[in-house]
file coords_26.pdb (PDB, C-alpha atoms and all ligand atoms)
MODEL        1
ATOM      1  CA  MET A  20       0.000   0.000   0.000
ATOM      2  CA  GLU A  21       1.188   3.462  -0.830
ATOM      3  CA  ALA A  22       2.111   5.604   2.159
ATOM      4  CA  LYS A  23      -0.354   8.234   3.336
ATOM      5  CA  ILE A  24       2.518  10.602   4.067
ATOM      6  CA  SER A  25       5.844  10.124   2.357
ATOM      7  CA  ILE A  26       8.914  12.139   3.285
ATOM      8  CA  VAL A  27      12.092  11.797   1.253
ATOM      9  CA  ASN A  28      15.354  13.605   2.017
ATOM     10  CA  LEU A  29      13.531  16.522   3.588
ATOM     11  CA  CYS A  30      15.790  19.448   4.541
ATOM     12  CA  LYS A  31      14.941  22.779   6.095
ATOM     13  CA  ARG A  32      16.920  25.929   6.583
ATOM     14  CA  TYR A  33      15.119  29.088   7.731
ATOM     15  CA  GLU A  34      15.566  31.847   5.192
ATOM     16  CA  ASP A  35      16.045  35.449   6.284
ATOM     17  CA  ASN A  36      12.504  36.473   5.442
ATOM     18  CA  GLU A  37      11.118  33.622   7.562
ATOM     19  CA  LYS A  38      13.332  34.591  10.483
ATOM     20  CA  GLU A  39      12.028  38.129  10.368
ATOM     21  CA  LYS A  40       8.465  36.955  10.262
ATOM     22  CA  GLY A  41       9.009  34.881  13.410
ATOM     23  CA  LEU A  42       6.176  32.622  12.327
ATOM     24  CA  PHE A  43       3.548  32.632  15.024
ATOM     25  CA  PHE A  44       3.373  28.865  15.336
ATOM     26  CA  SER A  45       7.082  28.559  16.149
ATOM     27  CA  LYS A  46       6.733  30.337  19.440
ATOM     28  CA  ASN A  47       9.979  29.570  21.138
ATOM     29  CA  ILE A  48      12.557  30.830  18.726
ATOM     30  CA  ASN A  49      15.804  30.870  20.580
ATOM     31  CA  PRO A  50      18.013  33.629  19.137
ATOM     32  CA  ASP A  51      21.143  31.606  19.901
ATOM     33  CA  ARG A  52      19.819  28.734  17.864
ATOM     34  CA  VAL A  53      19.002  30.506  14.631
ATOM     35  CA  PHE A  54      21.451  28.850  12.326
ATOM     36  CA  ASP A  55      23.296  31.398  10.301
ATOM     37  CA  GLY A  56      26.260  29.143   9.599
ATOM     38  CA  LYS A  57      27.429  28.084   6.184
ATOM     39  CA  GLU A  58      24.652  25.545   5.775
ATOM     40  CA  GLY A  59      22.326  26.349   8.613
ATOM     41  CA  TYR A  60      19.985  23.392   8.327
ATOM     42  CA  VAL A  61      17.521  22.742  11.119
ATOM     43  CA  LEU A  62      16.412  19.460   9.535
ATOM     44  CA  ARG A  63      18.556  17.407   7.241
ATOM     45  CA  ASN A  64      17.582  14.370   5.235
ATOM     46  CA  ILE A  65      14.440  13.262   6.998
ATOM     47  CA  ASN A  66      13.103  10.065   5.447
ATOM     48  CA  LEU A  67       9.855   8.505   6.568
ATOM     49  CA  GLN A  68       6.765   6.675   5.326
ATOM     50  CA  ILE A  69       3.564   6.894   7.361
ATOM     51  CA  LYS A  70       0.678   4.526   6.635
ATOM     52  CA  GLU A  71      -2.977   5.454   6.479
ATOM     53  CA  GLY A  72      -4.595   5.141   9.894
ATOM     54  CA  GLU A  73      -1.256   5.098  11.712
ATOM     55  CA  PHE A  74      -0.727   6.841  15.033
ATOM     56  CA  HIS A  75       2.763   8.216  14.490
ATOM     57  CA  VAL A  76       4.644  10.029  17.222
ATOM     58  CA  PHE A  77       7.670  12.273  16.690
ATOM     59  CA  LEU A  78       9.814  12.428  19.785
ATOM     60  CA  GLY A  79      12.646  14.880  20.294
ATOM     61  CA  ALA A  80      14.153  17.397  22.681
ATOM     62  CA  SER A  81      12.929  20.953  22.759
ATOM     63  CA  GLY A  82      14.356  22.965  19.869
ATOM     64  CA  CYS A  83      15.253  19.963  17.715
ATOM     65  CA  GLY A  84      12.890  20.891  14.906
ATOM     66  CA  LYS A  85       9.617  19.063  15.648
ATOM     67  CA  THR A  86       7.401  22.083  15.036
ATOM     68  CA  THR A  87       9.366  22.889  11.921
ATOM     69  CA  LEU A  88       8.779  19.367  10.626
ATOM     70  CA  LEU A  89       5.044  19.365  11.408
ATOM     71  CA  ASN A  90       4.566  22.805   9.883
ATOM     72  CA  ILE A  91       6.158  21.619   6.662
ATOM     73  CA  ILE A  92       3.882  18.560   6.575
ATOM     74  CA  ALA A  93       0.913  20.815   7.353
ATOM     75  CA  GLY A  94       1.877  23.020   4.422
ATOM     76  CA  LEU A  95       2.380  26.095   6.610
ATOM     77  CA  LEU A  96       6.088  26.367   5.997
ATOM     78  CA  PRO A  97       8.111  25.843   2.803
ATOM     79  CA  LYS A  98      10.846  23.219   2.790
ATOM     80  CA  THR A  99      14.371  23.815   1.534
ATOM     81  CA  GLY A 100      14.882  20.469  -0.155
ATOM     82  CA  GLY A 101      13.478  16.982  -0.582
ATOM     83  CA  GLU A 102       9.905  15.781  -0.973
ATOM     84  CA  VAL A 103       6.851  15.652   1.240
ATOM     85  CA  ARG A 104       3.783  13.973  -0.234
ATOM     86  CA  MET A 105       0.312  13.048   0.904
ATOM     87  CA  ASP A 106      -1.374  10.304  -1.134
ATOM     88  CA  GLY A 107       1.377  10.753  -3.687
ATOM     89  CA  LYS A 108       0.702  14.472  -4.164
ATOM     90  CA  GLU A 109       3.347  17.030  -3.242
ATOM     91  CA  ILE A 110       2.291  19.143  -0.243
ATOM     92  CA  ASN A 111       2.640  22.849  -0.949
ATOM     93  CA  GLY A 112       0.187  24.801   1.128
ATOM     94  CA  MET A 113      -2.470  24.189   3.705
ATOM     95  CA  SER A 114      -5.385  21.873   3.006
ATOM     96  CA  PRO A 115      -8.605  20.913   4.798
ATOM     97  CA  GLU A 116      -7.410  17.311   4.445
ATOM     98  CA  ARG A 117      -4.928  18.081   7.211
ATOM     99  CA  GLY A 118      -6.287  19.254  10.553
ATOM    100  CA  LEU A 119      -4.040  21.003  13.063
ATOM    101  CA  VAL A 120      -3.931  21.069  16.844
ATOM    102  CA  PHE A 121      -1.413  23.320  18.562
ATOM    103  CA  GLN A 122      -0.010  23.413  22.082
ATOM    104  CA  ASN A 123      -1.627  26.718  22.966
ATOM    105  CA  ALA A 124      -5.338  26.785  22.273
ATOM    106  CA  GLU A 125      -5.399  30.470  23.239
ATOM    107  CA  SER A 126      -3.639  31.463  20.053
ATOM    108  CA  VAL A 127      -6.078  29.709  17.735
ATOM    109  CA  LEU A 128      -9.527  29.700  19.350
ATOM    110  CA  PHE A 129     -11.755  32.711  18.730
ATOM    111  CA  PRO A 130     -12.459  34.279  22.145
ATOM    112  CA  TRP A 131     -15.582  36.079  20.855
ATOM    113  CA  LEU A 132     -17.197  32.818  19.717
ATOM    114  CA  THR A 133     -18.794  30.147  21.897
ATOM    115  CA  VAL A 134     -17.701  26.501  21.913
ATOM    116  CA  LYS A 135     -20.346  25.673  19.340
ATOM    117  CA  GLN A 136     -19.580  28.700  17.170
ATOM    118  CA  ASN A 137     -15.859  27.947  17.263
ATOM    119  CA  VAL A 138     -16.524  24.439  15.929
ATOM    120  CA  ALA A 139     -19.074  25.653  13.367
ATOM    121  CA  TYR A 140     -16.603  28.261  12.144
ATOM    122  CA  ALA A 141     -14.229  25.514  11.034
ATOM    123  CA  LEU A 142     -16.999  24.161   8.810
ATOM    124  CA  LYS A 143     -17.731  27.495   7.151
ATOM    125  CA  PRO A 144     -15.754  26.769   3.979
ATOM    126  CA  LYS A 145     -17.867  23.660   3.408
ATOM    127  CA  LYS A 146     -21.044  25.735   3.019
ATOM    128  CA  LEU A 147     -23.197  23.021   4.598
ATOM    129  CA  LYS A 148     -26.976  23.092   4.952
ATOM    130  CA  LYS A 149     -28.154  24.151   8.389
ATOM    131  CA  GLU A 150     -29.139  20.634   9.555
ATOM    132  CA  GLU A 151     -25.873  19.107   8.360
ATOM    133  CA  LEU A 152     -23.876  21.869  10.051
ATOM    134  CA  GLU A 153     -25.807  21.281  13.272
ATOM    135  CA  LYS A 154     -25.226  17.515  13.061
ATOM    136  CA  ARG A 155     -21.496  17.753  12.388
ATOM    137  CA  THR A 156     -20.983  20.370  15.090
ATOM    138  CA  THR A 157     -22.921  18.343  17.665
ATOM    139  CA  GLU A 158     -21.018  15.157  16.785
ATOM    140  CA  ALA A 159     -17.609  16.807  17.039
ATOM    141  CA  ILE A 160     -18.479  18.341  20.405
ATOM    142  CA  ALA A 161     -19.711  14.980  21.693
ATOM    143  CA  LEU A 162     -16.592  13.215  20.408
ATOM    144  CA  VAL A 163     -14.406  15.233  22.763
ATOM    145  CA  GLY A 164     -16.820  15.207  25.694
ATOM    146  CA  LEU A 165     -17.858  18.858  25.578
ATOM    147  CA  THR A 166     -21.594  18.235  25.314
ATOM    148  CA  GLY A 167     -23.354  20.627  27.690
ATOM    149  CA  HIS A 168     -20.702  23.339  27.274
ATOM    150  CA  GLU A 169     -21.786  24.533  23.825
ATOM    151  CA  ARG A 170     -22.689  28.055  24.891
ATOM    152  CA  LYS A 171     -19.546  28.769  26.880
ATOM    153  CA  TYR A 172     -16.796  31.077  25.689
ATOM    154  CA  PRO A 173     -13.155  29.868  25.618
ATOM    155  CA  GLU A 174     -12.288  32.287  28.423
ATOM    156  CA  VAL A 175     -14.284  30.300  30.990
ATOM    157  CA  LEU A 176     -12.982  26.882  29.879
ATOM    158  CA  SER A 177     -10.158  25.041  31.654
ATOM    159  CA  GLY A 178      -6.937  24.335  29.756
ATOM    160  CA  GLY A 179      -8.038  20.750  29.139
ATOM    161  CA  MET A 180     -11.432  21.839  27.827
ATOM    162  CA  ARG A 181      -9.808  24.322  25.480
ATOM    163  CA  GLN A 182      -7.654  21.563  24.063
ATOM    164  CA  ARG A 183     -10.764  19.423  23.666
ATOM    165  CA  LEU A 184     -12.360  22.280  21.786
ATOM    166  CA  GLN A 185      -9.367  22.587  19.515
ATOM    167  CA  ILE A 186      -9.527  18.866  18.799
ATOM    168  CA  ALA A 187     -13.289  19.052  18.150
ATOM    169  CA  ARG A 188     -12.748  21.890  15.733
ATOM    170  CA  SER A 189     -10.146  19.910  13.822
ATOM    171  CA  PHE A 190     -12.290  16.789  13.682
ATOM    172  CA  ALA A 191     -15.434  18.642  12.626
ATOM    173  CA  SER A 192     -14.105  19.255   9.141
ATOM    174  CA  ASP A 193     -13.273  15.551   8.878
ATOM    175  CA  PRO A 194      -9.592  15.809   7.873
ATOM    176  CA  GLU A 195      -7.767  12.693   6.715
ATOM    177  CA  VAL A 196      -4.697  13.464   8.761
ATOM    178  CA  LEU A 197      -4.568  15.112  12.155
ATOM    179  CA  ILE A 198      -1.351  16.973  12.966
ATOM    180  CA  MET A 199      -0.860  17.624  16.678
ATOM    181  CA  ASP A 200       2.020  19.701  18.033
ATOM    182  CA  GLU A 201       2.527  18.973  21.753
ATOM    183  CA  PRO A 202      -1.223  19.361  22.311
ATOM    184  CA  PHE A 203      -1.058  18.293  25.954
ATOM    185  CA  GLY A 204       2.271  19.951  26.778
ATOM    186  CA  ALA A 205       0.766  22.793  28.795
ATOM    187  CA  LEU A 206      -1.725  20.697  30.786
ATOM    188  CA  ASP A 207      -1.445  19.416  34.336
ATOM    189  CA  ALA A 208      -0.538  15.744  34.697
ATOM    190  CA  GLN A 209      -4.036  14.582  35.607
ATOM    191  CA  THR A 210      -5.799  16.323  32.710
ATOM    192  CA  ARG A 211      -3.093  15.178  30.416
ATOM    193  CA  MET A 212      -3.677  11.526  31.312
ATOM    194  CA  VAL A 213      -7.381  11.853  30.705
ATOM    195  CA  LEU A 214      -6.891  13.482  27.315
ATOM    196  CA  GLN A 215      -4.266  10.929  26.280
ATOM    197  CA  ASP A 216      -6.772   8.157  26.942
ATOM    198  CA  GLU A 217      -9.489  10.027  25.124
ATOM    199  CA  LEU A 218      -7.292  10.667  22.118
ATOM    200  CA  VAL A 219      -6.583   6.946  21.754
ATOM    201  CA  GLY A 220     -10.362   6.363  21.938
ATOM    202  CA  ILE A 221     -11.051   9.002  19.290
ATOM    203  CA  TRP A 222      -8.334   7.627  17.049
ATOM    204  CA  LYS A 223      -9.773   4.104  17.293
ATOM    205  CA  LYS A 224     -13.255   5.348  16.566
ATOM    206  CA  THR A 225     -12.389   7.607  13.647
ATOM    207  CA  LYS A 226      -9.425   5.625  12.214
ATOM    208  CA  LYS A 227      -7.631   8.856  11.281
ATOM    209  CA  THR A 228      -3.951   9.099  10.564
ATOM    210  CA  ILE A 229      -2.427  11.003  13.476
ATOM    211  CA  LEU A 230       0.953  12.760  13.523
ATOM    212  CA  PHE A 231       1.724  13.717  17.085
ATOM    213  CA  VAL A 232       4.738  15.581  18.442
ATOM    214  CA  THR A 233       5.991  15.330  21.995
ATOM    215  CA  HIS A 234       9.211  15.728  23.948
ATOM    216  CA  ASP A 235       7.887  13.302  26.566
ATOM    217  CA  LEU A 236       9.146   9.738  26.149
ATOM    218  CA  SER A 237       6.425   8.218  28.278
ATOM    219  CA  GLU A 238       3.710  10.019  26.303
ATOM    220  CA  ALA A 239       5.257   8.759  23.068
ATOM    221  CA  VAL A 240       5.181   5.146  24.267
ATOM    222  CA  LEU A 241       1.659   5.534  25.635
ATOM    223  CA  LEU A 242       0.258   6.811  22.335
ATOM    224  CA  GLY A 243       2.357   5.826  19.374
ATOM    225  CA  GLN A 244       2.088   2.755  17.167
ATOM    226  CA  LYS A 245       5.280   4.028  15.586
ATOM    227  CA  ILE A 246       7.779   6.457  17.077
ATOM    228  CA  SER A 247      10.311   8.468  15.105
ATOM    229  CA  ILE A 248      13.036   9.854  17.309
ATOM    230  CA  LEU A 249      14.709  13.056  16.175
ATOM    231  CA  SER A 250      18.252  14.080  17.039
ATOM    232  CA  ALA A 251      19.012  17.664  17.994
ATOM    233  CA  ALA A 252      19.206  20.624  15.623
ATOM    234  CA  PRO A 253      21.203  21.650  13.671
ATOM    235  CA  ASP A 254      20.961  18.918  11.078
ATOM    236  CA  ALA A 255      18.336  16.992  13.011
ATOM    237  CA  SER A 256      17.287  13.749  11.412
ATOM    238  CA  ILE A 257      15.474  10.609  12.478
ATOM    239  CA  VAL A 258      17.968   8.616  14.532
ATOM    240  CA  SER A 259      15.600   5.832  15.497
ATOM    241  CA  TYR A 260      12.316   4.364  14.302
ATOM    242  CA  GLU A 261      10.339   2.201  16.704
ATOM    243  CA  ALA A 262       7.291  -0.017  16.366
ATOM    244  CA  VAL A 263       5.835  -0.027  19.883
ATOM    245  CA  PRO A 264       5.101  -3.648  20.840
ATOM    246  CA  PHE A 265       2.042  -2.988  23.057
ATOM    247  CA  SER A 266      -1.658  -3.086  22.307
ATOM    248  CA  TYR A 267      -4.086  -0.410  23.519
ATOM    249  CA  PRO A 268      -5.097   0.711  26.069
ATOM    250  CA  ARG A 269      -1.627   0.985  27.539
ATOM    251  CA  ASN A 270      -0.722   1.490  31.140
ATOM    252  CA  SER A 271       2.425   3.445  31.898
ATOM    253  CA  GLU A 272       2.735   1.624  35.222
ATOM    254  CA  ASP A 273       3.016  -1.878  33.696
ATOM    255  CA  SER A 274       6.474  -3.283  34.216
ATOM    256  CA  ASP A 275       6.805  -4.068  30.478
ATOM    257  CA  PHE A 276       5.970  -0.472  29.701
ATOM    258  CA  VAL A 277       8.463   0.854  32.236
ATOM    259  CA  GLN A 278      11.215  -1.443  30.938
ATOM    260  CA  TYR A 279      10.562  -0.600  27.321
ATOM    261  CA  THR A 280      10.587   3.129  28.069
ATOM    262  CA  ALA A 281      13.882   2.831  29.944
ATOM    263  CA  MET A 282      15.379   0.856  27.058
ATOM    264  CA  LEU A 283      14.220   3.513  24.604
ATOM    265  CA  HIS A 284      15.683   6.218  26.800
ATOM    266  CA  ARG A 285      19.116   4.601  26.680
ATOM    267  CA  LYS A 286      18.879   4.009  22.965
ATOM    268  CA  LEU A 287      17.778   7.583  22.394
ATOM    269  CA  ASN A 288      20.692   9.045  24.339
ATOM    270  CA  ALA A 289      23.175   6.857  22.504
ATOM    271  CA  ALA A 290      21.718   7.711  19.099
ATOM    272  CA  ILE A 291      21.758  11.439  19.788
ATOM    273  CA  LEU A 292      25.307  11.287  21.086
ATOM    274  CA  ALA A 293      26.404   9.404  17.977
ATOM    275  CA  HIS A 294      24.614  11.970  15.824
ATOM    276  CA  GLN A 295      26.377  14.849  17.567
ATOM    277  CA  ASN A 296      29.751  13.211  17.199
ATOM    278  CA  ARG A 297      29.350  12.356  13.531
ATOM    279  CA  PRO A 298      31.660  13.930  10.958
ATOM    280  CA  GLU A 299      30.616  17.250   9.400
ATOM    281  CA  PRO A 300      27.793  16.551   6.964
ATOM    282  CA  GLN A 301      28.587  16.894   3.284
ATOM    283  CA  SER A 302      26.557  19.443   1.376
ATOM    284  CA  THR A 303      23.145  17.980   0.719
ATOM    285  CA  GLN A 304      22.357  17.263  -2.885
ATOM    286  CA  THR A 305      18.611  17.543  -2.569
ATOM    287  CA  ALA A 306      18.693  20.892  -0.846
ATOM    288  CA  GLY A 307      18.450  23.830  -3.184
TER
HETATM  289  N1  LIG B   1      11.186  31.307  12.059
HETATM  290  C1  LIG B   1      12.362  30.825  12.451
HETATM  291  N2  LIG B   1      13.504  31.402  12.008
HETATM  292  C2  LIG B   1      14.695  30.926  12.379
HETATM  293  N3  LIG B   1      14.916  29.876  13.183
HETATM  294  C3  LIG B   1      13.820  29.246  13.636
HETATM  295  C4  LIG B   1      12.494  29.676  13.302
HETATM  296  N4  LIG B   1      11.623  28.851  13.920
HETATM  297  C5  LIG B   1      12.377  27.957  14.599
HETATM  298  N5  LIG B   1      13.681  28.203  14.441
HETATM  299  C6  LIG B   1      14.805  27.441  15.033
HETATM  300  O1  LIG B   1      14.756  26.109  14.541
HETATM  301  C7  LIG B   1      14.998  25.168  15.567
HETATM  302  C8  LIG B   1      13.847  24.199  15.676
HETATM  303  O2  LIG B   1      12.704  24.896  16.152
HETATM  304  P1  LIG B   1      11.331  24.147  16.387
HETATM  305  O3  LIG B   1      10.943  23.450  15.137
HETATM  306  O4  LIG B   1      10.380  25.135  16.936
HETATM  307  O5  LIG B   1      11.752  23.055  17.491
HETATM  308  P2  LIG B   1      10.860  22.166  18.484
HETATM  309  O6  LIG B   1       9.439  22.255  18.032
HETATM  310  O7  LIG B   1      11.429  20.779  18.384
HETATM  311  O8  LIG B   1      11.059  22.727  19.864
HETATM  312  C9  LIG B   1      15.200  25.972  16.852
HETATM  313  O9  LIG B   1      16.551  26.019  17.135
HETATM  314  C10 LIG B   1      14.642  27.348  16.535
HETATM  315  O10 LIG B   1      15.338  28.363  17.210
HETATM  316 MG    MG B   2       7.729  22.882  19.010
ENDMDL
END

call {"tool": "encode", "arguments": {"input": "coords_26.pdb", "output": "structure tokens"}}
result
Amino acid sequence: MEAKISIVNLCKRYEDNEKEKGLFFSKNINPDRVFDGKEGYVLRNINLQIKEGEFHVFLGASGCGKTTLLNIIAGLLPKTGGEVRMDGKEINGMSPERGLVFQNAESVLFPWLTVKQNVAYALKPKKLKKEELEKRTTEAIALVGLTGHERKYPEVLSGGMRQRLQIARSFASDPEVLIMDEPFGALDAQTRMVLQDELVGIWKKTKKTILFVTHDLSEAVLLGQKISILSAAPDASIVSYEAVPFSYPRNSEDSDFVQYTAMLHRKLNAAILAHQNRPEPQSTQTAG
């Protein structure tokens, strides 16, 4: 079967105009880590095939290029070299086929719209009939457990509820691929656990392809069918690819889970160390 998402020799270097823009979705630009060197690649030669319906987790330390990678797949950010395809078609721009969920709901929810209106807004481009709009909105709100909160404004919602709303809004337009950038990163541990469980439930129910970024090893093992581990920028690439050997639902307290996570931790450290100590990369052919 052809891959849903296919990434071949992907490279990314931020150009001057992008640096100036300080793209709003890359919040934590560290001025010391803007690579102005000779090559200046954040990502170099990323290769990956993701199957339809797969729950794929990207794991990597803060600043390694996870958001950069997801934004390129989303079509929000141009790549420097290589290929990124969805269903065989080159990705160059945003598309309703790819839904996005960010870490900070505050920056993407409309504060002047209610829960229901926020979800309905996402469906606007579809120009649905009133009944269909009502049905889709109600379903998406129910999917994330926000039924009963339809008339509330984002301001009065908890952090977890805001993330639920963001997820509902993405699902409402029925994207084929859901791209989630540390969606639970800002939540307290308890809420986070609940939403992790719920996300697995939603994924099973909807059979969507999910691309999920985290810097939390335990979260990666809890959620991912496959895990791609990124080394650190500059020149970050995938240093390890794992097929997680557990069925769902998973329990992070199981001894198998704990052992596997510890093993992955060691492997991850070794791979990143080896990556850092590798010889200077040669200039990349695919990068333009
Ligand atoms: N618009 C930008 N211009 C220049 N450098 C950037 C920009 N956005 C991110 N970077 C740099 O690229 C690297 C990867 O950033 P990012 O993809 O946000 O990492 P992560 O999501 O893994 O924390 C960081 O070192 C960051 O400083
Ligand atoms: Mg990020």

call {"tool": "resolve_selection", "arguments": {"input": "coords_26.pdb", "expression": "the PyMOL selection byres (((chain A and resi 246) around 6) and not hetatm)", "output": "PyMOL selection string"}}
result
chain A and resi 75-77+243+245+247+260-261

call {"tool": "closest_residue", "arguments": {"input": "coords_26.pdb", "among": "A:Gln295, A:Ser256, A:Asn66, A:Thr86", "to": "Phe121 in chain A", "atoms": "only C-alpha atoms"}}
result
A:Thr86

call {"tool": "closest_residue", "arguments": {"input": "coords_26.pdb", "among": "A:Ile26, A:Val134, A:Leu62, A:Ile160", "to": "ligand LIG 1 (chain B)", "atoms": "all atoms listed in the file"}}
result
A:Leu62

call {"tool": "closest_residue", "arguments": {"input": "coords_26.pdb", "among": "A:Arg104, A:His294, A:Lys154, A:Lys85", "to": "Ala22 in chain A", "atoms": "all atoms listed in the file"}}
result
A:Arg104

call {"tool": "closest_atom_pairs", "arguments": {"input": "coords_26.pdb", "of": "chain A", "to": "ligand MG 2 (chain B)", "cutoff": "10 Å", "atoms": "all atoms listed in the file", "output": "Markdown table"}}
result
| residue | atom | partner | partner_atom | distance |
| --- | --- | --- | --- | --- |
| A:Phe44 | CA | B:MG2 | MG | 8.3 |
| A:Ser45 | CA | B:MG2 | MG | 6.4 |
| A:Lys46 | CA | B:MG2 | MG | 7.5 |
| A:Asn47 | CA | B:MG2 | MG | 7.4 |
| A:Ile48 | CA | B:MG2 | MG | 9.3 |
| A:Gly79 | CA | B:MG2 | MG | 9.5 |
| A:Ala80 | CA | B:MG2 | MG | 9.2 |
| A:Ser81 | CA | B:MG2 | MG | 6.7 |
| A:Gly82 | CA | B:MG2 | MG | 6.7 |
| A:Cys83 | CA | B:MG2 | MG | 8.2 |
| A:Gly84 | CA | B:MG2 | MG | 6.9 |
| A:Lys85 | CA | B:MG2 | MG | 5.4 |
| A:Thr86 | CA | B:MG2 | MG | 4.1 |
| A:Thr87 | CA | B:MG2 | MG | 7.3 |
| A:Leu88 | CA | B:MG2 | MG | 9.2 |
| A:Leu89 | CA | B:MG2 | MG | 8.8 |
| A:Asn90 | CA | B:MG2 | MG | 9.7 |
| A:Phe121 | CA | B:MG2 | MG | 9.2 |
| A:Gln122 | CA | B:MG2 | MG | 8.3 |
| A:Asp200 | CA | B:MG2 | MG | 6.6 |
| A:Glu201 | CA | B:MG2 | MG | 7.1 |
| A:Gly204 | CA | B:MG2 | MG | 9.9 |
| A:Val232 | CA | B:MG2 | MG | 7.9 |
| A:Thr233 | CA | B:MG2 | MG | 8.3 |
| A:His234 | CA | B:MG2 | MG | 8.8 |

call {"tool": "resolve_selection", "arguments": {"input": "coords_26.pdb", "expression": "the PyMOL selection byres (((chain A and resi 101) around 9) and not hetatm)", "output": "list of chain:residue names"}}
result
A:Ile26, A:Val27, A:Asn28, A:Leu29, A:Cys30, A:Lys31, A:Asn64, A:Ile65, A:Lys98, A:Thr99, A:Gly100, A:Glu102, A:Val103, A:Thr305, A:Ala306, A:Gly307

call {"tool": "resolve_selection", "arguments": {"input": "coords_26.pdb", "expression": "the PyMOL selection byres (((chain A and resi 61) around 6) and not hetatm)", "output": "tab-separated table (two decimals) with C-alpha atoms, in the coordinates of the input"}}
result
chain	number	residue	atom	x	y	z
A	31	LYS	CA	14.94	22.78	6.10
A	32	ARG	CA	16.92	25.93	6.58
A	60	TYR	CA	19.98	23.39	8.33
A	62	LEU	CA	16.41	19.46	9.54
A	252	ALA	CA	19.21	20.62	15.62
A	253	PRO	CA	21.20	21.65	13.67
A	254	ASP	CA	20.96	18.92	11.08

call {"tool": "closest_residue", "arguments": {"input": "coords_26.pdb", "among": "A:Leu249, A:Leu283, A:Val219, A:Ile257", "to": "ligand LIG 1 (chain B)", "atoms": "only C-alpha atoms and all ligand atoms"}}
result
A:Leu249

call {"tool": "atom_distance", "arguments": {"input": "coords_26.pdb", "atom1": "CA of Glu21 in chain A", "atom2": "CA of Gly107 in chain A"}}
result
7.8 Å

call {"tool": "closest_residue", "arguments": {"input": "coords_26.pdb", "among": "A:Ile110, A:Ala289, A:Ala239, A:Ile91", "to": "Phe203 in chain A", "atoms": "all atoms listed in the file"}}
result
A:Ala239

call {"tool": "residues_around", "arguments": {"input": "coords_26.pdb", "residues": "Gln185 in chain A", "least_positions_apart": "4", "cutoff": "12 Å", "atoms": "only C-alpha atoms", "output": "ChimeraX atom specification"}}
result
/A:118-129,134-135,137-141,159-160,162-163,165,173,176,178-181,189-192,197-200,202-203

call {"tool": "closest_residue", "arguments": {"input": "coords_26.pdb", "among": "A:Trp222, A:Ala255, A:Arg269, A:Lys145", "to": "ligand LIG 1 (chain B)", "atoms": "all atoms listed in the file"}}
result
A:Ala255

call {"tool": "axis_aligned_box", "arguments": {"input": "coords_26.pdb", "around": "ligand LIG 1 (chain B)", "padding_each_side": "4 Å", "output": "AutoDock Vina command-line options"}}
result
--center_x 13.0 --center_y 26.1 --center_z 15.9 --size_x 15.1 --size_y 18.6 --size_z 15.9

call {"tool": "atom_distance", "arguments": {"input": "coords_26.pdb", "atom1": "CA of Lys70 in chain A", "atom2": "CA of Ser274 in chain A"}}
result
29.2 Å
